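Enquirer: Please find work.pdb (PDB, C-alpha atoms) on the next line:
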ATOM      1  CA  MET A   1      40.098 130.573  99.305
ATOM      2  CA  ASP A   2      39.049 132.106 102.578
ATOM      3  CA  ARG A   3      37.886 128.781 103.864
ATOM      4  CA  TYR A   4      41.205 127.161 102.974
ATOM      5  CA  ARG A   5      43.125 129.984 104.538
ATOM      6  CA  ALA A   6      41.071 129.929 107.712
ATOM      7  CA  ALA A   7      41.606 126.179 108.062
ATOM      8  CA  ILE A   8      45.336 126.512 107.536
ATOM      9  CA  LEU A   9      45.620 129.379 109.952
ATOM     10  CA  ALA A  10      43.690 127.396 112.526
ATOM     11  CA  GLY A  11      46.116 124.522 111.998
ATOM     12  CA  LEU A  12      49.077 126.830 112.427
ATOM     13  CA  VAL A  13      47.657 128.209 115.647
ATOM     14  CA  LEU A  14      47.364 124.695 117.010
ATOM     15  CA  LEU A  15      50.892 123.854 115.869
ATOM     16  CA  THR A  16      52.449 126.950 117.392
ATOM     17  CA  GLY A  17      51.203 126.236 120.840
ATOM     18  CA  GLY A  18      47.485 126.715 121.254
ATOM     19  CA  CYS A  19      47.261 123.102 122.392
ATOM     20  CA  SER A  20      47.501 123.116 126.138
ATOM     21  CA  THR A  21      47.760 125.499 129.054
ATOM     22  CA  PRO A  22      50.553 124.190 131.274
ATOM     23  CA  LYS A  23      51.004 125.689 134.710
ATOM     24  CA  THR A  24      53.058 128.872 134.659
ATOM     25  CA  ILE A  25      55.950 129.590 137.033
ATOM     26  CA  TYR A  26      54.471 132.973 137.998
ATOM     27  CA  TYR A  27      51.114 134.507 138.789
ATOM     28  CA  TRP A  28      50.875 137.355 136.275
ATOM     29  CA  GLY A  29      47.619 139.076 137.140
ATOM     30  CA  HIS A  30      47.313 142.481 135.434
ATOM     31  CA  TYR A  31      51.062 143.213 135.173
ATOM     32  CA  GLN A  32      51.535 142.969 131.385
ATOM     33  CA  ASN A  33      48.130 144.387 130.585
ATOM     34  CA  LEU A  34      48.752 147.491 132.718
ATOM     35  CA  ILE A  35      52.042 148.067 130.915
ATOM     36  CA  TYR A  36      50.235 147.807 127.600
ATOM     37  CA  GLU A  37      47.388 150.106 128.642
ATOM     38  CA  SER A  38      49.818 152.706 129.992
ATOM     39  CA  TYR A  39      51.382 152.975 126.555
ATOM     40  CA  ALA A  40      48.245 152.536 124.438
ATOM     41  CA  ALA A  41      46.182 155.094 126.365
ATOM     42  CA  PRO A  42      48.441 157.126 128.673
ATOM     43  CA  GLY A  43      46.598 158.338 131.749
ATOM     44  CA  LYS A  44      43.538 156.183 131.137
ATOM     45  CA  ILE A  45      44.351 154.031 134.152
ATOM     46  CA  PRO A  46      45.860 156.396 136.755
ATOM     47  CA  PRO A  47      48.738 155.178 138.979
ATOM     48  CA  GLU A  48      46.345 154.876 141.971
ATOM     49  CA  SER A  49      44.168 152.273 140.292
ATOM     50  CA  GLN A  50      47.200 150.487 138.833
ATOM     51  CA  VAL A  51      48.591 150.163 142.359
ATOM     52  CA  GLU A  52      45.221 148.875 143.543
ATOM     53  CA  GLN A  53      45.099 146.196 140.828
ATOM     54  CA  LEU A  54      48.697 145.088 141.395
ATOM     55  CA  GLU A  55      48.306 144.914 145.182
ATOM     56  CA  ALA A  56      45.194 142.772 144.639
ATOM     57  CA  ASP A  57      47.191 140.571 142.235
ATOM     58  CA  TYR A  58      49.900 140.213 144.855
ATOM     59  CA  GLN A  59      47.382 139.037 147.473
ATOM     60  CA  LYS A  60      45.893 136.607 144.971
ATOM     61  CA  ALA A  61      49.365 135.254 144.139
ATOM     62  CA  ARG A  62      50.089 134.729 147.839
ATOM     63  CA  SER A  63      46.811 132.904 148.346
ATOM     64  CA  LEU A  64      47.714 130.603 145.428
ATOM     65  CA  ASN A  65      51.233 130.182 146.799
ATOM     66  CA  GLN A  66      52.660 131.333 143.475
ATOM     67  CA  PRO A  67      55.396 133.969 143.014
ATOM     68  CA  VAL A  68      54.771 137.190 141.056
ATOM     69  CA  PRO A  69      56.940 137.630 137.947
ATOM     70  CA  PRO A  70      60.278 139.433 137.675
ATOM     71  CA  GLY A  71      59.730 143.183 137.379
ATOM     72  CA  PHE A  72      56.384 143.119 139.208
ATOM     73  CA  HIS A  73      57.621 144.682 142.455
ATOM     74  CA  ALA A  74      59.918 147.059 140.566
ATOM     75  CA  TYR A  75      56.994 148.363 138.528
ATOM     76  CA  LEU A  76      54.833 148.648 141.635
ATOM     77  CA  GLY A  77      57.635 150.600 143.334
ATOM     78  CA  TYR A  78      57.857 152.882 140.326
ATOM     79  CA  LEU A  79      54.100 153.573 140.582
ATOM     80  CA  TYR A  80      54.437 154.385 144.314
ATOM     81  CA  PHE A  81      57.303 156.709 143.409
ATOM     82  CA  GLN A  82      55.036 158.521 140.923
ATOM     83  CA  LEU A  83      52.466 158.921 143.684
ATOM     84  CA  GLY A  84      55.078 160.383 146.022
ATOM     85  CA  LYS A  85      54.790 157.427 148.409
ATOM     86  CA  LEU A  86      58.520 157.027 148.813
ATOM     87  CA  ASP A  87      58.506 154.579 151.749
ATOM     88  CA  GLN A  88      56.362 152.123 149.845
ATOM     89  CA  ALA A  89      58.470 152.652 146.726
ATOM     90  CA  LYS A  90      61.595 151.824 148.705
ATOM     91  CA  GLN A  91      60.010 148.703 150.133
ATOM     92  CA  GLU A  92      58.980 147.445 146.678
ATOM     93  CA  PHE A  93      62.414 148.075 145.129
ATOM     94  CA  GLU A  94      64.018 146.186 148.010
ATOM     95  CA  THR A  95      61.575 143.302 147.625
ATOM     96  CA  GLU A  96      62.419 143.043 143.915
ATOM     97  CA  LYS A  97      66.104 142.966 144.797
ATOM     98  CA  ASN A  98      65.651 140.277 147.455
ATOM     99  CA  LEU A  99      63.544 138.042 145.225
ATOM    100  CA  PHE A 100      65.773 138.503 142.177
ATOM    101  CA  PRO A 101      69.412 139.403 142.928
ATOM    102  CA  GLU A 102      69.880 139.972 139.145
ATOM    103  CA  SER A 103      67.998 143.244 139.601
ATOM    104  CA  ALA A 104      70.435 144.608 142.239
ATOM    105  CA  VAL A 105      72.338 147.108 140.052
ATOM    106  CA  PHE A 106      69.176 148.632 138.638
ATOM    107  CA  MET A 107      67.243 148.582 141.918
ATOM    108  CA  ASP A 108      70.149 150.266 143.741
ATOM    109  CA  ARG A 109      69.958 152.982 141.109
ATOM    110  CA  MET A 110      66.207 153.364 141.746
ATOM    111  CA  LEU A 111      66.799 153.463 145.501
ATOM    112  CA  ALA A 112      69.486 156.118 145.075
ATOM    113  CA  ASN A 113      67.034 158.198 142.998
ATOM    114  CA  LEU A 114      64.534 158.005 145.868
ATOM    115  CA  LYS A 115      67.040 159.533 148.257
ATOM    116  CA  LYS A 116      67.585 162.452 145.904
ATOM    117  CA  SER A 117      63.878 163.273 145.675
TER
ATOM    118  CA  MET B   1      36.108 130.102  89.203
ATOM    119  CA  LYS B   2      35.995 126.963  91.283
ATOM    120  CA  SER B   3      39.340 125.680  89.956
ATOM    121  CA  GLN B   4      40.853 129.069  90.675
ATOM    122  CA  TRP B   5      39.832 128.716  94.305
ATOM    123  CA  LEU B   6      41.253 125.266  94.416
ATOM    124  CA  THR B   7      44.562 126.379  92.908
ATOM    125  CA  SER B   8      45.000 129.247  95.301
ATOM    126  CA  GLY B   9      44.018 126.998  98.181
ATOM    127  CA  LEU B  10      46.637 124.465  97.159
ATOM    128  CA  CYS B  11      49.230 127.220  96.844
ATOM    129  CA  VAL B  12      48.595 128.344 100.386
ATOM    130  CA  LEU B  13      48.760 124.730 101.540
ATOM    131  CA  ALA B  14      52.063 124.165  99.726
ATOM    132  CA  LEU B  15      53.446 127.388 101.138
ATOM    133  CA  SER B  16      52.526 126.444 104.665
ATOM    134  CA  LEU B  17      54.127 123.029 104.208
ATOM    135  CA  MET B  18      57.275 124.725 102.961
ATOM    136  CA  LEU B  19      57.284 127.078 105.926
ATOM    137  CA  THR B  20      56.932 124.314 108.476
ATOM    138  CA  GLY B  21      59.286 122.082 106.487
ATOM    139  CA  CYS B  22      62.005 124.715 106.415
ATOM    140  CA  ALA B  23      62.037 125.114 110.160
ATOM    141  CA  THR B  24      63.530 121.691 110.886
ATOM    142  CA  PRO B  25      66.746 120.902 108.971
ATOM    143  CA  LYS B  26      69.547 122.922 110.580
ATOM    144  CA  PRO B  27      69.309 123.481 114.354
ATOM    145  CA  TYR B  28      70.561 126.757 115.784
ATOM    146  CA  ASP B  29      74.206 126.724 116.895
ATOM    147  CA  TYR B  30      74.068 127.363 120.652
ATOM    148  CA  THR B  31      77.864 127.381 121.198
ATOM    149  CA  ASN B  32      78.027 131.060 122.221
ATOM    150  CA  PHE B  33      74.910 130.741 124.319
ATOM    151  CA  ARG B  34      76.241 127.739 126.255
ATOM    152  CA  ALA B  35      79.573 129.490 126.818
ATOM    153  CA  HIS B  36      77.851 132.587 128.261
ATOM    154  CA  PRO B  37      74.403 131.579 129.533
ATOM    155  CA  PRO B  38      72.629 134.749 130.699
ATOM    156  CA  ARG B  39      70.577 135.022 133.888
ATOM    157  CA  SER B  40      69.059 138.413 133.174
ATOM    158  CA  ILE B  41      67.717 140.019 130.003
ATOM    159  CA  LEU B  42      67.065 143.679 129.240
ATOM    160  CA  VAL B  43      64.372 143.968 126.561
ATOM    161  CA  LEU B  44      64.621 147.244 124.666
ATOM    162  CA  PRO B  45      61.634 148.729 122.815
ATOM    163  CA  PRO B  46      61.649 147.197 119.309
ATOM    164  CA  LEU B  47      62.900 149.005 116.241
ATOM    165  CA  ASN B  48      59.693 149.385 114.271
ATOM    166  CA  GLU B  49      59.908 148.765 110.526
ATOM    167  CA  SER B  50      56.152 148.350 110.187
ATOM    168  CA  THR B  51      53.866 151.260 109.319
ATOM    169  CA  ALA B  52      52.017 151.035 112.653
ATOM    170  CA  VAL B  53      53.451 153.365 115.290
ATOM    171  CA  GLU B  54      51.558 151.519 118.033
ATOM    172  CA  GLY B  55      53.593 148.394 117.187
ATOM    173  CA  THR B  56      56.615 149.389 119.279
ATOM    174  CA  TYR B  57      54.844 149.267 122.634
ATOM    175  CA  GLY B  58      52.083 146.897 121.541
ATOM    176  CA  TYR B  59      54.846 144.360 121.070
ATOM    177  CA  LEU B  60      57.189 145.350 123.910
ATOM    178  CA  SER B  61      54.440 144.828 126.488
ATOM    179  CA  THR B  62      54.047 141.150 125.523
ATOM    180  CA  VAL B  63      57.671 139.965 125.740
ATOM    181  CA  SER B  64      58.134 139.721 129.528
ATOM    182  CA  PHE B  65      55.781 136.768 129.863
ATOM    183  CA  PRO B  66      57.532 134.275 127.534
ATOM    184  CA  LEU B  67      61.043 135.228 128.681
ATOM    185  CA  ALA B  68      60.246 135.037 132.408
ATOM    186  CA  GLU B  69      58.356 131.769 131.982
ATOM    187  CA  MET B  70      61.408 130.383 130.174
ATOM    188  CA  GLY B  71      63.373 131.088 133.342
ATOM    189  CA  TYR B  72      65.029 134.478 132.885
ATOM    190  CA  TYR B  73      65.075 137.563 135.025
ATOM    191  CA  VAL B  74      63.418 140.191 132.814
ATOM    192  CA  TYR B  75      63.866 143.844 133.771
ATOM    193  CA  PRO B  76      60.577 145.752 134.104
ATOM    194  CA  VAL B  77      60.213 146.876 130.476
ATOM    195  CA  SER B  78      58.374 150.127 131.084
ATOM    196  CA  VAL B  79      60.591 151.190 134.006
ATOM    197  CA  THR B  80      63.819 150.639 132.058
ATOM    198  CA  ASP B  81      62.260 152.340 129.016
ATOM    199  CA  GLN B  82      61.324 155.359 131.125
ATOM    200  CA  PHE B  83      64.755 155.401 132.773
ATOM    201  CA  LEU B  84      66.555 155.424 129.409
ATOM    202  CA  LYS B  85      64.231 158.150 128.098
ATOM    203  CA  GLU B  86      65.018 160.321 131.111
ATOM    204  CA  ASN B  87      68.709 159.760 130.474
ATOM    205  CA  GLY B  88      68.826 161.164 126.969
ATOM    206  CA  MET B  89      67.551 158.296 124.842
ATOM    207  CA  PRO B  90      64.036 159.250 123.743
ATOM    208  CA  THR B  91      63.635 156.648 120.974
ATOM    209  CA  ALA B  92      64.107 152.917 120.434
ATOM    210  CA  GLY B  93      66.703 153.722 117.766
ATOM    211  CA  GLU B  94      68.849 155.578 120.294
ATOM    212  CA  MET B  95      68.414 152.879 122.933
ATOM    213  CA  HIS B  96      69.627 150.254 120.465
ATOM    214  CA  GLN B  97      72.853 152.282 120.093
ATOM    215  CA  VAL B  98      73.787 152.297 123.801
ATOM    216  CA  PRO B  99      77.219 150.659 124.262
ATOM    217  CA  LEU B 100      77.012 147.259 125.970
ATOM    218  CA  ASP B 101      79.403 148.165 128.796
ATOM    219  CA  LYS B 102      77.080 151.087 129.641
ATOM    220  CA  VAL B 103      74.075 148.713 129.755
ATOM    221  CA  ARG B 104      76.008 146.495 132.111
ATOM    222  CA  GLU B 105      77.072 149.377 134.305
ATOM    223  CA  ILE B 106      73.689 151.134 134.488
ATOM    224  CA  ILE B 107      71.200 148.237 134.431
ATOM    225  CA  GLY B 108      73.386 145.247 135.283
ATOM    226  CA  ALA B 109      71.921 143.024 132.557
ATOM    227  CA  ASP B 110      73.787 139.922 131.364
ATOM    228  CA  ALA B 111      72.224 140.181 127.927
ATOM    229  CA  VAL B 112      70.203 142.595 125.799
ATOM    230  CA  LEU B 113      67.362 141.493 123.544
ATOM    231  CA  TYR B 114      67.184 143.636 120.415
ATOM    232  CA  ILE B 115      63.906 143.206 118.577
ATOM    233  CA  THR B 116      63.021 144.424 115.095
ATOM    234  CA  LEU B 117      59.357 144.520 114.137
ATOM    235  CA  LYS B 118      58.988 143.586 110.491
ATOM    236  CA  GLN B 119      55.190 143.588 110.277
ATOM    237  CA  TYR B 120      52.459 144.717 112.652
ATOM    238  CA  GLY B 121      48.860 145.288 111.685
ATOM    239  CA  THR B 122      45.683 144.185 109.987
ATOM    240  CA  LYS B 123      45.095 144.030 106.256
ATOM    241  CA  TYR B 124      41.446 144.313 105.274
ATOM    242  CA  GLU B 125      40.048 142.698 102.165
ATOM    243  CA  VAL B 126      36.491 142.744 100.904
ATOM    244  CA  LEU B 127      35.105 139.945 103.057
ATOM    245  CA  SER B 128      37.955 139.120 105.370
ATOM    246  CA  SER B 129      40.937 140.462 107.221
ATOM    247  CA  VAL B 130      44.338 139.134 108.179
ATOM    248  CA  THR B 131      46.340 140.380 111.141
ATOM    249  CA  THR B 132      50.071 139.762 111.023
ATOM    250  CA  VAL B 133      52.883 140.336 113.489
ATOM    251  CA  GLN B 134      56.416 139.463 112.453
ATOM    252  CA  ALA B 135      59.477 140.081 114.588
ATOM    253  CA  GLN B 136      63.177 139.258 114.721
ATOM    254  CA  GLY B 137      65.086 138.967 117.963
ATOM    255  CA  LYS B 138      68.824 139.087 118.695
ATOM    256  CA  LEU B 139      70.236 138.340 122.145
ATOM    257  CA  VAL B 140      73.665 139.864 122.801
ATOM    258  CA  ASP B 141      76.019 139.208 125.719
ATOM    259  CA  THR B 142      76.920 142.474 127.481
ATOM    260  CA  ARG B 143      80.369 141.224 128.604
ATOM    261  CA  THR B 144      81.722 139.966 125.293
ATOM    262  CA  GLY B 145      79.407 141.477 122.678
ATOM    263  CA  LEU B 146      78.839 137.983 121.273
ATOM    264  CA  VAL B 147      75.481 137.172 119.674
ATOM    265  CA  LEU B 148      74.097 134.433 121.931
ATOM    266  CA  TRP B 149      70.968 133.688 119.963
ATOM    267  CA  GLU B 150      68.895 134.940 117.047
ATOM    268  CA  GLY B 151      65.356 134.026 116.147
ATOM    269  CA  THR B 152      62.316 135.062 114.224
ATOM    270  CA  GLY B 153      58.598 134.712 114.805
ATOM    271  CA  ILE B 154      55.404 135.333 112.931
ATOM    272  CA  GLY B 155      51.845 135.352 114.220
ATOM    273  CA  GLN B 156      48.827 135.519 111.991
ATOM    274  CA  GLU B 157      45.115 135.519 112.524
ATOM    275  CA  GLY B 158      42.403 135.776 109.920
ATOM    276  CA  SER B 159      38.694 136.219 109.835
ATOM    277  CA  GLY B 160      37.521 134.127 106.911
ATOM    278  CA  GLY B 161      34.167 133.556 105.284
ATOM    279  CA  SER B 162      31.501 130.937 105.974
ATOM    280  CA  GLY B 163      30.514 130.399 102.353
ATOM    281  CA  ASN B 164      27.193 132.200 102.727
ATOM    282  CA  ILE B 165      27.968 135.431 100.917
ATOM    283  CA  ILE B 166      25.289 137.570 102.556
ATOM    284  CA  ALA B 167      26.167 136.350 106.029
ATOM    285  CA  ASP B 168      29.867 136.876 105.317
ATOM    286  CA  MET B 169      29.264 140.419 104.185
ATOM    287  CA  ILE B 170      27.316 141.306 107.321
ATOM    288  CA  ILE B 171      29.955 139.743 109.564
ATOM    289  CA  ALA B 172      32.861 141.284 107.647
ATOM    290  CA  VAL B 173      31.460 144.804 107.742
ATOM    291  CA  GLY B 174      30.545 144.459 111.402
ATOM    292  CA  SER B 175      33.836 143.011 112.532
ATOM    293  CA  GLN B 176      35.906 145.469 110.485
ATOM    294  CA  ALA B 177      34.085 148.322 112.141
ATOM    295  CA  VAL B 178      34.872 146.847 115.530
ATOM    296  CA  ASN B 179      38.397 145.641 114.799
ATOM    297  CA  SER B 180      39.774 148.735 113.093
ATOM    298  CA  SER B 181      39.233 150.785 116.233
ATOM    299  CA  VAL B 182      41.376 148.518 118.399
ATOM    300  CA  ASP B 183      44.963 147.354 118.119
ATOM    301  CA  HIS B 184      44.139 143.819 117.080
ATOM    302  CA  ALA B 185      47.775 143.008 116.267
ATOM    303  CA  HIS B 186      48.608 143.300 119.963
ATOM    304  CA  THR B 187      46.584 140.151 120.622
ATOM    305  CA  VAL B 188      48.533 138.272 117.920
ATOM    306  CA  CYS B 189      51.965 139.062 119.452
ATOM    307  CA  PRO B 190      51.956 136.024 121.783
ATOM    308  CA  MET B 191      51.732 133.801 118.706
ATOM    309  CA  ALA B 192      54.809 135.447 117.181
ATOM    310  CA  ASN B 193      56.589 135.170 120.545
ATOM    311  CA  ALA B 194      55.757 131.486 120.860
ATOM    312  CA  MET B 195      57.277 130.797 117.456
ATOM    313  CA  MET B 196      60.354 132.954 118.040
ATOM    314  CA  PHE B 197      61.252 131.703 121.533
ATOM    315  CA  THR B 198      59.977 128.116 121.680
ATOM    316  CA  THR B 199      60.425 126.551 118.222
ATOM    317  CA  LYS B 200      62.324 123.305 118.705
ATOM    318  CA  ASP B 201      66.074 123.570 117.898
ATOM    319  CA  HIS B 202      65.661 127.287 117.066
ATOM    320  CA  GLY B 203      64.151 128.873 120.139
ATOM    321  CA  LEU B 204      65.780 130.221 123.245
ATOM    322  CA  LEU B 205      67.204 127.759 125.781
ATOM    323  CA  TYR B 206      65.766 127.760 129.301
ATOM    324  CA  GLY B 207      67.135 130.181 131.884
ATOM    325  CA  PRO B 208      68.093 129.645 135.547
ATOM    326  CA  TYR B 209      64.564 129.930 137.011
ATOM    327  CA  HIS B 210      63.096 127.236 134.789
ATOM    328  CA  PRO B 211      62.819 123.732 136.302
ATOM    329  CA  GLN B 212      64.219 122.130 133.133
ATOM    330  CA  THR B 213      67.274 124.343 132.845
ATOM    331  CA  GLU B 214      69.683 121.566 133.880
ATOM    332  CA  SER B 215      68.504 119.040 131.314
ATOM    333  CA  GLN B 216      69.268 120.934 128.101
TER
END
Using the file provided, produce a representation of the structure as structure tokens.

Expert:
Amino acid sequence: MDRYRAAILAGLVLLTGGCSTPKTIYYWGHYQNLIYESYAAPGKIPPESQVEQLEADYQKARSLNQPVPPGFHAYLGYLYFQLGKLDQAKQEFETEKNLFPESAVFMDRMLANLKKS
Amino acid sequence: MKSQWLTSGLCVLALSLMLTGCATPKPYDYTNFRAHPPRSILVLPPLNESTAVEGTYGYLSTVSFPLAEMGYYVYPVSVTDQFLKENGMPTAGEMHQVPLDKVREIIGADAVLYITLKQYGTKYEVLSSVTTVQAQGKLVDTRTGLVLWEGTGIGQEGSGGSGNIIADMIIAVGSQAVNSSVDHAHTVCPMANAMMFTTKDHGLLYGPYHPQTESQ
């Protein structure tokens, strides 16, 4: 029974897309994993080291000539905001807005919040 | 004993054929989607109908990747979540109730993805375990309130036996001890996402940042 089930599950995995690894549009680095870790174990990875990892990802992405995903700079800006580094936060929110005009309404809201603090 | 194994094996086989067979006949009707193709998607934390509290964020943190790679602008899920919490919506249930015109005004999103988690977790049996994640997604246009797309996905991963009962027992006990301390279902989410978003004739169409967006 277990053997049958394992074989079928393996087949399903292959069917649902375990087949190949096509090139992605974006360089993801640690972005999604940091989001997960921040929820799963709050405080385990402090904002300082998250910033460090994301800045390293950004350099890596540039060296590969690949863009970072939507939300990446917004999240980085949010981390800088938490650290009280408002100039860097502002810069990241503006970068997100320039790269993805779809984010303008939300980024303007973030930028307005910065002015208040 | 042996025939019992065979029967249950055949049942599982038949079931899996039915599952894959059912997915093909009637393609999803993309009329609404094509009339209002979104550029940007706000993903709200899922409503969690499973018994695992960690499911909400274990799942939420995996959704940006497939949606962005399909060509959409995806709002930073944890920043929007935090923003909504600070503005009087502490739970996923409350966020799912926010009027669409408010979402448009505050976030600027073209569409909202509402996810419901049906299953999330690992079921342990004597010599094996099965981890299952099942989710339903509904994409709604913030201008018209029309449902643009609906889909469902399931991801499953099992640790089966090798046939050597002693070896199986040692492995099962060892891996259960390891696996129960971590959120194994989190690693199965991409499988559920792949099925929900990319199944042919049922998945989501490509968004504006995908190279194939013109040809669909």

Enquirer: Could you list, as a list in words, every residue matched by the PyMOL selection byres ((chain B and resi 29) around 12) in this structure?

Expert: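 With the PyMOL selection byres ((chain B and resi 29) around 12) on this model, the match is Lys26, Pro27, Tyr28, Tyr30, Thr31, Asn32, Phe33, Arg34, Ala35, Val147, Leu148, Trp149, Glu150, Gly151, Asp201, His202, Gly203, Leu204 and Leu205 of chain B.
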
Enquirer: Between B:Ala185, B:Val103, B:Ala52, B:Ala68, which residue has the minimum interatomic distance to chain A, considering all atoms listed in the file?

Expert: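 The shortest atom-to-atom distance to chain A comes from B:Ala68.
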
Enquirer: Hey, which of B:Thr91, B:Thr198, B:Ser215, B:Thr122 ends up closest to chain A? Count all atoms listed in the file.

Expert: B:Thr198

Enquirer: I want to know what sits within 7 Å of Ala61 of chain A, based on all atoms listed in the file, with residues of the same chain fewer than 6 positions away left out; could you give that as a PDB file with C-alpha atoms, in the frame of the given file?

Expert:
ATOM      1  CA  TYR A  27      51.114 134.507 138.789  1.00  0.00           C
ATOM      2  CA  PRO A  67      55.396 133.969 143.014  1.00  0.00           C
ATOM      3  CA  VAL A  68      54.771 137.190 141.056  1.00  0.00           C
TER       4      VAL A  68
END

Enquirer: Identify which of the residues B:Leu67, B:Met195, B:Val188, B:Val130 lies closest to chain A, counting only C-alpha atoms when measuring atom-to-atom distances.

Expert: B:Met195

Enquirer: Residues picked by the PyMOL selection byres ((chain A and resi 70) around 8) here, as a list in words?

Expert: Val68, Pro69, Gly71, Phe72, His73, Glu96 and Phe100 of chain A; Ala68, Tyr73, Val74, Tyr75 and Pro76 of chain B

Enquirer: So what do you get for atom CA of Val133 of chain B versus atom CA of Asn48 of chain B, distance-wise?

Expert: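 Atom-to-atom, atom CA of Val133 of chain B to atom CA of Asn48 of chain B, that is 11.4 Å.
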
Enquirer: Within 7 Å of (53.7, 138.4, 122.2), in the coordinates the file gives, what residues turn up when you count all atoms listed in the file, written out as an mmCIF file with C-alpha atoms, in the frame of the given file?

Expert:
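Saved the output as point.cif:
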data_model
loop_
_atom_site.group_PDB
_atom_site.id
_atom_site.type_symbol
_atom_site.label_atom_id
_atom_site.label_comp_id
_atom_site.auth_asym_id
_atom_site.auth_seq_id
_atom_site.Cartn_x
_atom_site.Cartn_y
_atom_site.Cartn_z
ATOM 1 C CA TYR B 59 54.846 144.360 121.070
ATOM 2 C CA THR B 62 54.047 141.150 125.523
ATOM 3 C CA VAL B 63 57.671 139.965 125.740
ATOM 4 C CA VAL B 188 48.533 138.272 117.920
ATOM 5 C CA CYS B 189 51.965 139.062 119.452
ATOM 6 C CA PRO B 190 51.956 136.024 121.783
ATOM 7 C CA MET B 191 51.732 133.801 118.706
ATOM 8 C CA ALA B 192 54.809 135.447 117.181
ATOM 9 C CA ASN B 193 56.589 135.170 120.545
#

Enquirer: With distances taken over all atoms listed in the file, which of A:Phe81, A:Tyr75, A:Tyr58, A:Phe93 is nearest to chain B?

Expert: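 That would be A:Tyr75, the residue with the smallest distance to chain B.
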
Enquirer: Check the smallest atom-to-atom distance from each of B:Tyr206, B:Phe197, B:Tyr57, B:Tyr120 to chain A using all atoms listed in the file, then report the winner.

Expert: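 So, comparing all the options, the nearest one is B:Tyr57.
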
Enquirer: Translate the PyMOL selection byres ((chain B and resi 156) around 6), as applied to the file shown, into an explicit residue set as a ChimeraX atom specification.

Expert: /B:131-132,155,157

Enquirer: Save the residues we just selected, C-alpha atoms, as a PDB file, keeping the file's coordinate frame?

Expert:
ATOM      1  CA  THR B 131      46.340 140.380 111.141  1.00  0.00           C
ATOM      2  CA  THR B 132      50.071 139.762 111.023  1.00  0.00           C
ATOM      3  CA  GLY B 155      51.845 135.352 114.220  1.00  0.00           C
ATOM      4  CA  GLU B 157      45.115 135.519 112.524  1.00  0.00           C
TER       5      GLU B 157
END
